[in-house]
Every structure is written in structure tokens, then in C-alpha cells.
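Engineer: Coordinates in run_16.txt, compact mmCIF, C-alpha atoms and all ligand atoms, are listed below.
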```
# COMPACT_ATOMS: atom_id res chain seq x y z
CA MET R 1 10.20 63.36 99.49
CA ASP R 2 12.19 61.05 101.74
CA GLU R 3 14.10 63.06 104.32
CA SER R 4 14.60 59.82 106.28
CA ALA R 5 16.97 58.45 103.62
CA GLY R 6 19.98 60.42 104.85
CA LEU R 7 19.21 59.54 108.42
CA THR R 8 18.84 55.81 107.77
CA ALA R 9 21.97 55.61 105.59
CA ARG R 10 24.08 56.75 108.55
CA THR R 11 22.59 54.53 111.25
CA GLY R 12 22.90 50.97 112.57
CA SER R 13 21.35 47.61 111.72
CA PRO R 14 18.45 47.07 109.30
CA SER R 15 15.98 46.72 112.18
CA THR R 16 17.25 49.93 113.83
CA ARG R 17 16.96 51.73 110.50
CA ARG R 18 13.45 50.37 110.04
CA ARG R 19 12.39 51.54 113.51
CA LEU R 20 13.93 54.97 112.93
CA ARG R 21 12.18 55.26 109.60
CA GLN R 22 8.82 54.32 111.16
CA ALA R 23 9.33 56.80 114.01
CA TRP R 24 10.18 59.46 111.43
CA VAL R 25 7.14 58.78 109.23
CA PHE R 26 4.93 58.84 112.32
CA ALA R 27 6.34 62.09 113.73
CA VAL R 28 6.18 63.87 110.35
CA ASN R 29 2.56 62.87 109.97
CA PHE R 30 1.76 64.10 113.47
CA ILE R 31 3.15 67.50 112.46
CA LYS R 32 1.08 67.44 109.24
CA HIS R 33 -2.16 66.07 110.78
CA PRO R 34 -2.04 66.53 114.59
CA ARG R 35 -5.76 65.98 115.17
CA MET R 36 -5.85 62.82 113.09
CA VAL R 37 -2.65 61.24 114.43
CA GLY R 38 -3.19 62.43 118.00
CA THR R 39 0.31 61.89 119.40
CA PHE R 40 3.95 62.47 118.46
CA ALA R 41 5.29 58.96 119.09
CA VAL R 42 4.11 55.40 118.47
CA SER R 43 2.78 53.30 121.37
CA SER R 44 5.35 51.96 123.82
CA PRO R 45 6.01 48.21 124.17
CA ALA R 46 4.41 48.36 127.65
CA LEU R 47 1.22 49.84 126.21
CA VAL R 48 1.07 47.25 123.43
CA ARG R 49 1.50 44.42 125.96
CA ARG R 50 -1.16 45.82 128.28
CA LEU R 51 -3.61 46.43 125.46
CA LEU R 52 -3.38 42.83 124.26
CA ASP R 53 -3.01 41.27 127.70
CA GLY R 54 -5.34 38.30 128.29
CA VAL R 55 -6.79 38.11 124.77
CA ASP R 56 -7.80 34.51 124.04
CA TRP R 57 -6.43 34.27 120.51
CA SER R 58 -7.84 30.78 120.01
CA ASN R 59 -11.30 32.27 119.45
CA ARG R 60 -10.41 35.62 117.85
CA ARG R 61 -10.80 34.90 114.14
CA ARG R 62 -12.08 38.23 112.82
CA VAL R 63 -10.04 41.05 114.19
CA VAL R 64 -10.28 44.74 113.27
CA GLU R 65 -7.74 47.45 114.13
CA PHE R 66 -8.62 51.12 113.80
CA GLY R 67 -5.72 53.50 113.24
CA PRO R 68 -2.75 51.11 113.01
CA GLY R 69 -0.37 53.97 112.19
CA VAL R 70 2.99 52.42 111.24
CA GLY R 71 2.00 49.06 112.73
CA THR R 72 3.26 49.08 116.33
CA ILE R 73 0.22 47.15 117.57
CA THR R 74 -0.46 45.42 114.24
CA GLY R 75 2.84 43.51 114.46
CA ALA R 76 2.02 42.20 117.95
CA VAL R 77 -1.48 41.19 116.84
CA LEU R 78 -0.11 39.29 113.83
CA ASP R 79 2.46 37.55 116.05
CA ALA R 80 -0.31 36.37 118.39
CA MET R 81 -3.11 35.62 115.92
CA ALA R 82 -3.99 32.08 114.78
CA PRO R 83 -2.95 31.12 111.21
CA GLU R 84 -6.59 31.05 110.07
CA ALA R 85 -7.52 34.39 111.69
CA ARG R 86 -7.91 37.59 109.68
CA LEU R 87 -6.95 41.16 110.59
CA LEU R 88 -8.63 44.10 108.89
CA ALA R 89 -6.62 47.27 109.53
CA ILE R 90 -8.50 50.51 108.80
CA GLU R 91 -6.22 53.54 108.49
CA MET R 92 -7.09 57.01 107.17
CA ASN R 93 -3.55 58.20 106.54
CA THR R 94 -2.13 57.24 103.13
CA ASP R 95 1.54 57.44 104.24
CA PHE R 96 0.82 54.96 107.03
CA VAL R 97 -1.05 52.64 104.68
CA ARG R 98 2.00 52.56 102.39
CA GLU R 99 4.30 51.89 105.34
CA LEU R 100 2.08 49.08 106.63
CA ALA R 101 1.96 47.38 103.23
CA LEU R 102 5.78 47.40 103.06
CA ARG R 103 6.19 46.21 106.62
CA PHE R 104 3.68 43.34 106.73
CA PRO R 105 3.45 41.11 103.66
CA ASP R 106 1.18 38.80 105.67
CA PRO R 107 -1.77 37.18 103.86
CA ARG R 108 -3.85 37.33 107.08
CA LEU R 109 -3.71 41.13 107.02
CA GLU R 110 -5.81 43.41 104.86
CA ILE R 111 -5.07 47.12 105.02
CA VAL R 112 -7.78 49.53 103.99
CA ASN R 113 -7.23 53.23 103.38
CA ALA R 114 -10.52 54.36 104.93
CA SER R 115 -12.06 55.75 108.09
CA ALA R 116 -13.26 53.72 111.04
CA ALA R 117 -16.58 55.41 110.25
CA ASP R 118 -16.75 53.08 107.22
CA LEU R 119 -16.67 49.94 109.38
CA GLU R 120 -20.13 48.68 108.46
CA GLY R 121 -19.48 48.92 104.71
CA GLU R 122 -16.00 47.40 104.98
CA LEU R 123 -17.37 44.40 106.92
CA ALA R 124 -20.24 43.98 104.46
CA ALA R 125 -17.82 44.09 101.51
CA ARG R 126 -15.97 41.12 103.04
CA GLN R 127 -19.12 39.31 104.13
CA TRP R 128 -18.01 39.39 107.74
CA ALA R 129 -21.16 38.73 109.73
CA ASP R 130 -19.49 39.89 112.93
CA THR R 131 -16.17 40.67 114.62
CA ASP R 132 -14.45 38.94 117.55
CA LEU R 133 -12.09 41.71 118.57
CA VAL R 134 -11.89 45.38 117.64
CA ILE R 135 -8.82 47.35 118.73
CA SER R 136 -8.82 51.11 118.51
CA GLY R 137 -6.24 53.84 118.97
CA ILE R 138 -7.98 56.54 116.97
CA PRO R 139 -8.32 59.87 118.79
CA PHE R 140 -12.05 59.99 119.62
CA SER R 141 -11.63 63.26 121.52
CA THR R 142 -10.59 65.25 118.42
CA MET R 143 -13.45 64.13 116.17
CA PRO R 144 -17.00 65.49 116.10
CA ALA R 145 -19.27 63.71 118.60
CA TYR R 146 -21.59 62.46 115.87
CA VAL R 147 -18.66 60.75 114.07
CA ARG R 148 -17.44 59.18 117.32
CA ASP R 149 -20.96 57.98 118.14
CA GLY R 150 -21.43 56.50 114.66
CA ILE R 151 -18.16 54.56 115.00
CA LEU R 152 -19.02 53.29 118.49
CA ASP R 153 -22.50 52.22 117.34
CA ALA R 154 -21.00 50.35 114.39
CA VAL R 155 -18.50 48.55 116.65
CA ALA R 156 -21.20 47.57 119.15
CA GLN R 157 -23.40 46.29 116.33
CA SER R 158 -20.58 44.32 114.71
CA LEU R 159 -19.30 42.47 117.79
CA ALA R 160 -20.10 38.78 118.25
CA PRO R 161 -21.80 38.04 121.61
CA GLU R 162 -18.46 37.06 123.18
CA GLY R 163 -16.57 39.75 121.29
CA GLU R 164 -14.49 42.50 122.81
CA PHE R 165 -13.66 46.13 122.03
CA ARG R 166 -10.30 47.34 123.33
CA VAL R 167 -9.64 51.06 123.21
CA TYR R 168 -6.71 53.23 124.24
CA GLN R 169 -6.96 57.00 124.53
CA TYR R 170 -5.03 59.91 125.96
CA ALA R 171 -8.15 61.29 127.66
CA ASN R 172 -11.18 59.94 129.51
CA HIS R 173 -13.76 61.59 127.21
CA VAL R 174 -14.83 58.35 125.61
CA LEU R 175 -15.80 56.65 128.91
CA GLU R 176 -19.46 57.72 129.02
CA PRO R 177 -20.09 57.02 125.30
CA LEU R 178 -18.60 53.54 125.88
CA ARG R 179 -20.73 52.95 128.97
CA ALA R 180 -23.80 53.88 126.93
CA ARG R 181 -23.06 51.04 124.52
CA PHE R 182 -21.42 48.25 126.53
CA ALA R 183 -22.63 46.57 129.72
CA VAL R 184 -19.03 45.97 130.81
CA VAL R 185 -16.39 48.70 130.53
CA GLU R 186 -13.17 48.04 132.46
CA ARG R 187 -10.65 50.87 132.79
CA GLU R 188 -6.98 51.02 133.53
CA THR R 189 -4.03 53.35 133.00
CA GLU R 190 -0.68 52.53 131.45
CA TRP R 191 1.93 54.97 132.70
CA ARG R 192 4.89 53.54 130.77
CA ASN R 193 4.28 55.50 127.60
CA LEU R 194 5.41 58.93 126.36
CA VAL R 195 2.04 60.21 127.61
CA PRO R 196 0.09 58.05 130.12
CA VAL R 197 -2.74 56.24 128.38
CA ARG R 198 -6.25 55.15 129.39
CA LEU R 199 -7.27 51.67 128.34
CA PHE R 200 -10.87 50.50 128.13
CA ARG R 201 -11.97 46.88 127.72
CA CYS R 202 -15.58 46.73 126.59
CA ARG R 203 -17.86 43.68 126.37
CA GLN R 204 -21.54 42.82 126.09
CA PRO R 205 -22.80 45.44 123.63
CA LEU R 206 -26.17 46.96 124.55
CA ILE R 207 -27.09 47.82 120.97
CA GLY R 208 -30.23 45.99 119.88
CA THR R 209 -31.19 44.98 123.40
CA GLY R 210 -33.30 48.09 123.99
CA GLU R 211 -31.03 49.01 126.92
CA THR R 212 -28.84 51.48 125.08
CA GLU R 213 -28.80 55.01 126.40
CA ARG R 214 -27.19 57.66 124.25
CA SER R 215 -24.63 59.96 125.82
CA ALA R 216 -24.63 63.73 125.48
CA PRO R 217 -23.17 64.48 122.01
CA SER R 218 -20.78 67.11 123.34
CA SER R 219 -18.80 64.83 125.70
C1 LIG T 301 -2.58 57.64 118.22
S1 LIG T 301 -2.23 57.11 116.57
C2 LIG T 301 -2.00 55.38 116.91
C3 LIG T 301 -1.02 54.71 115.99
C4 LIG T 301 -0.63 53.27 116.36
N1 LIG T 301 -1.79 52.43 116.52
C5 LIG T 301 0.20 53.21 117.61
O1 LIG T 301 -0.33 52.70 118.62
O2 LIG T 301 1.34 53.65 117.62
C6 LIG T 301 -3.84 57.22 115.82
C7 LIG T 301 -3.95 56.60 114.44
O3 LIG T 301 -5.32 56.64 114.03
C8 LIG T 301 -5.43 57.07 112.68
N2 LIG T 301 -6.80 57.61 112.53
C9 LIG T 301 -7.30 58.77 113.05
N3 LIG T 301 -8.62 58.87 112.79
C10 LIG T 301 -8.96 57.74 112.12
C11 LIG T 301 -10.19 57.24 111.60
N4 LIG T 301 -11.34 57.92 111.73
N5 LIG T 301 -10.19 56.05 110.95
C12 LIG T 301 -9.04 55.33 110.81
N6 LIG T 301 -7.84 55.76 111.29
C13 LIG T 301 -7.80 56.93 111.93
C14 LIG T 301 -4.29 58.05 112.54
O4 LIG T 301 -3.92 58.27 111.19
C15 LIG T 301 -3.20 57.34 113.35
O5 LIG T 301 -2.55 56.39 112.56
```
Can the structure in the file be given as C-alpha cells, please?

Structural biologist:
Amino acid sequence: MDESAGLTARTGSPSTRRRLRQAWVFAVNFIKHPRMVGTFAVSSPALVRRLLDGVDWSNRRRVVEFGPGVGTITGAVLDAMAPEARLLAIEMNTDFVRELALRFPDPRLEIVNASAADLEGELAARQWADTDLVISGIPFSTMPAYVRDGILDAVAQSLAPEGEFRVYQYANHVLEPLRARFAVVERETEWRNLVPVRLFRCRQPLIGTGETERSAPSS
């Protein structure tokens, strides 16, 4: 099935057609899997800029992205990343994985059709001892608390001492679980998006220091 074919044949330049196609694939998958995809439209340019603002790319060699969708943030990360850096994109949705592979023939990018819950195994398979930056747009509020907690534990355990976890969400639910795992959690809101978004910048994981407090599983 490719209902987008008729639409793209009638519209503008190749880049406009590509953007329309990506928006279409994203919206269709939101209708099919609303809890997994979480929102109707891809992230706005303002959100992408804010999410990546201030990242020191000179020391971000092992980067992970959870839930790249059709690659709205992935493209900006690849544009900014050093030539020797690597990006591991973990996406559950097969349509998005196909779209990403077509869109980014970049040897620095590896796309895995898996869940963020598989982070530990995916890192071990690549012999990544740690990560420098993990970016996440997966909808933590629609998944069971034990899955969310497992993912957050795995991120905290994987981060290098100077590493950073950047999260965007449409709700504040994830704040306390983040605070239970990171000594520093900075919050902000980006209003210039279809739906206003919460951003969280997390550093200094508490895992393994004996300081970690677990949050209530229902939050
Ligand atoms: C809100 S969309 C974000 C898409 C894209 N990053 C953007 O900013 O436009 C959430 C994405 O997370 C993916 N996703 C949801 N749960 C996931 C999980 N447990 N592991 C990996 N990807 C997941 C969805 O398929 C979707 O692509």
C-alpha cells in the first residue's frame, strides 16, 4: 500500500515531496499505533533545535536515539555529529525503520528495529562500553511503569560519567522517575510545537552509587 504516491506525484519539489511523504507515513502510523507513536505530527524545527541546544559534539562519540520516527531529530544529529561518531537509532515501528534506511544512507548511523527496552543487549552486541548521549522521544506515559523503569535504569547504567540523557515528552509524568535516577534533571518547555513539549536534560546518573531511590511504579 502506498496511498502517498498519488499525493506526491501532484506536489512540488523533491524535498517537498519527501517531507510530505514523511508526514504521511508518520500520521498513518499514529492512527494505526497511537500509544506507540504518541503524537500526530513530527517534532517542530524549534523543538529539534531546543533539544540539541548546547550539546558539545566534540565529545559525543556514542550517541543513541530512542524512537527516531521518520528521522526529524536523526537528521539534525547526523548534521552535527563528528565524522568518527556513531549513532544507534532504536525504533520499534517497522514502517519508520524502512523510511529511515531510505532517508539516511550514512555509515555513522545504525538503525535497529527493536525496543528501547533492549538497550543493554544492543550496546553489548556492539561492544559499546558506555554512551555519551542518549536522546529519547518515546512516550513513557503510555507504557507500563515497569517497562519505563527498566529503560531508564538501562540508560542510567549505560551513560559515561560526563554523559547526558535528553528527553522530550508531552507530559510531566517522567519527572520523578528521572529524578530518582539522575542527580541533575533540568526542565524546560518548548511551546513552538503542535503540542507544547517538556524537555528534560539529565546528568550524573545515581545508579551504582547507592543513592538511587525508586519512584512509585504507578507514576
Ligand atoms: C513521539 S514519536 C517521535 C518521533 C520523532 N523522534 C520526532 O521527534 O518526530 C515516538 C517514536 O517512538 C517510537 N517508539 C515508541 N515506543 C518505543 C520503544 N519502546 N522503543 C523504541 N521506539 C519506540 C514510536 O514508534 C515513534 O517513532

Engineer: Applying 6 Å and only C-alpha atoms, which residues near segment 87-99 of chain R remain after dropping the ones on its own chain fewer than 6 positions away? List them as a PyMOL selection string.

Structural biologist: chain R and resi 63-67+69-70+109-115

Engineer: With distances taken over all atoms listed in the file, which of R:Arg148, R:Arg17, R:Arg126, R:Arg86 is nearest to ligand LIG 301 (chain T)?

Structural biologist: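 For ligand LIG 301 (chain T), the nearest of the given residues is R:Arg148.
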
Engineer: Which residues come within 10 Å of segment 40-57 of chain R, counting all atoms listed in the file, excluding same-chain residues fewer than 2 positions away, as a ChimeraX atom specification?

Structural biologist: /R:22-24,26-31,34,37-38,59-61,63,68-77,80-82,85,132-133,135-137,164,166-168,188-201

Engineer: Just how far from atom CA of Pro83 of chain R is atom CA of Gln127 of chain R, in Å to one decimal?

Structural biologist: 19.5 Å

Engineer: What gap, in Å, lies between atom N3 of ligand LIG 301 (chain T) and atom CA of Pro139 of chain R?

Structural biologist: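 Separation of atom N3 of ligand LIG 301 (chain T) and atom CA of Pro139 of chain R: 6.1 Å.
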
Engineer: The centre and edge lengths of an axis-aligned box containing all atoms of segment 157-168 of chain R present in the file, extended by 5 Å on each side, are to be given in Å to one decimal, as JSON.

Structural biologist:
```
{"center_x": -15.1, "center_y": 45.1, "center_z": 119.5, "size_x": 26.7, "size_y": 26.2, "size_z": 19.5}
```

Engineer: One decimal, Å: what's the distance from atom CA of Arg35 of chain R over to atom CA of Arg179 of chain R, could you say?

Structural biologist: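 Atom-to-atom, atom CA of Arg35 of chain R and atom CA of Arg179 of chain R are spaced 24.2 Å apart.
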
Engineer: Taking all atoms listed in the file into account, which of R:Pro177, R:Pro205, R:Pro144, R:Gly163 comes nearest ligand LIG 301 (chain T)?

Structural biologist: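 When distances to ligand LIG 301 (chain T) are compared using all atoms listed in the file, the smallest one comes from R:Pro144.
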
Engineer: Name the closest residue to ligand LIG 301 (chain T) among the candidates R:Arg19, R:Ala124, R:Ser158, R:Ala129; distances are taken between atoms, counting all atoms listed in the file.

Structural biologist: R:Arg19

Engineer: Taking all atoms listed in the file into account, which of R:Glu176, R:Gly12, R:Leu100, R:Leu123 comes nearest ligand LIG 301 (chain T)?

Structural biologist: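 Using all atoms listed in the file, ligand LIG 301 (chain T) sits closest to R:Leu100.
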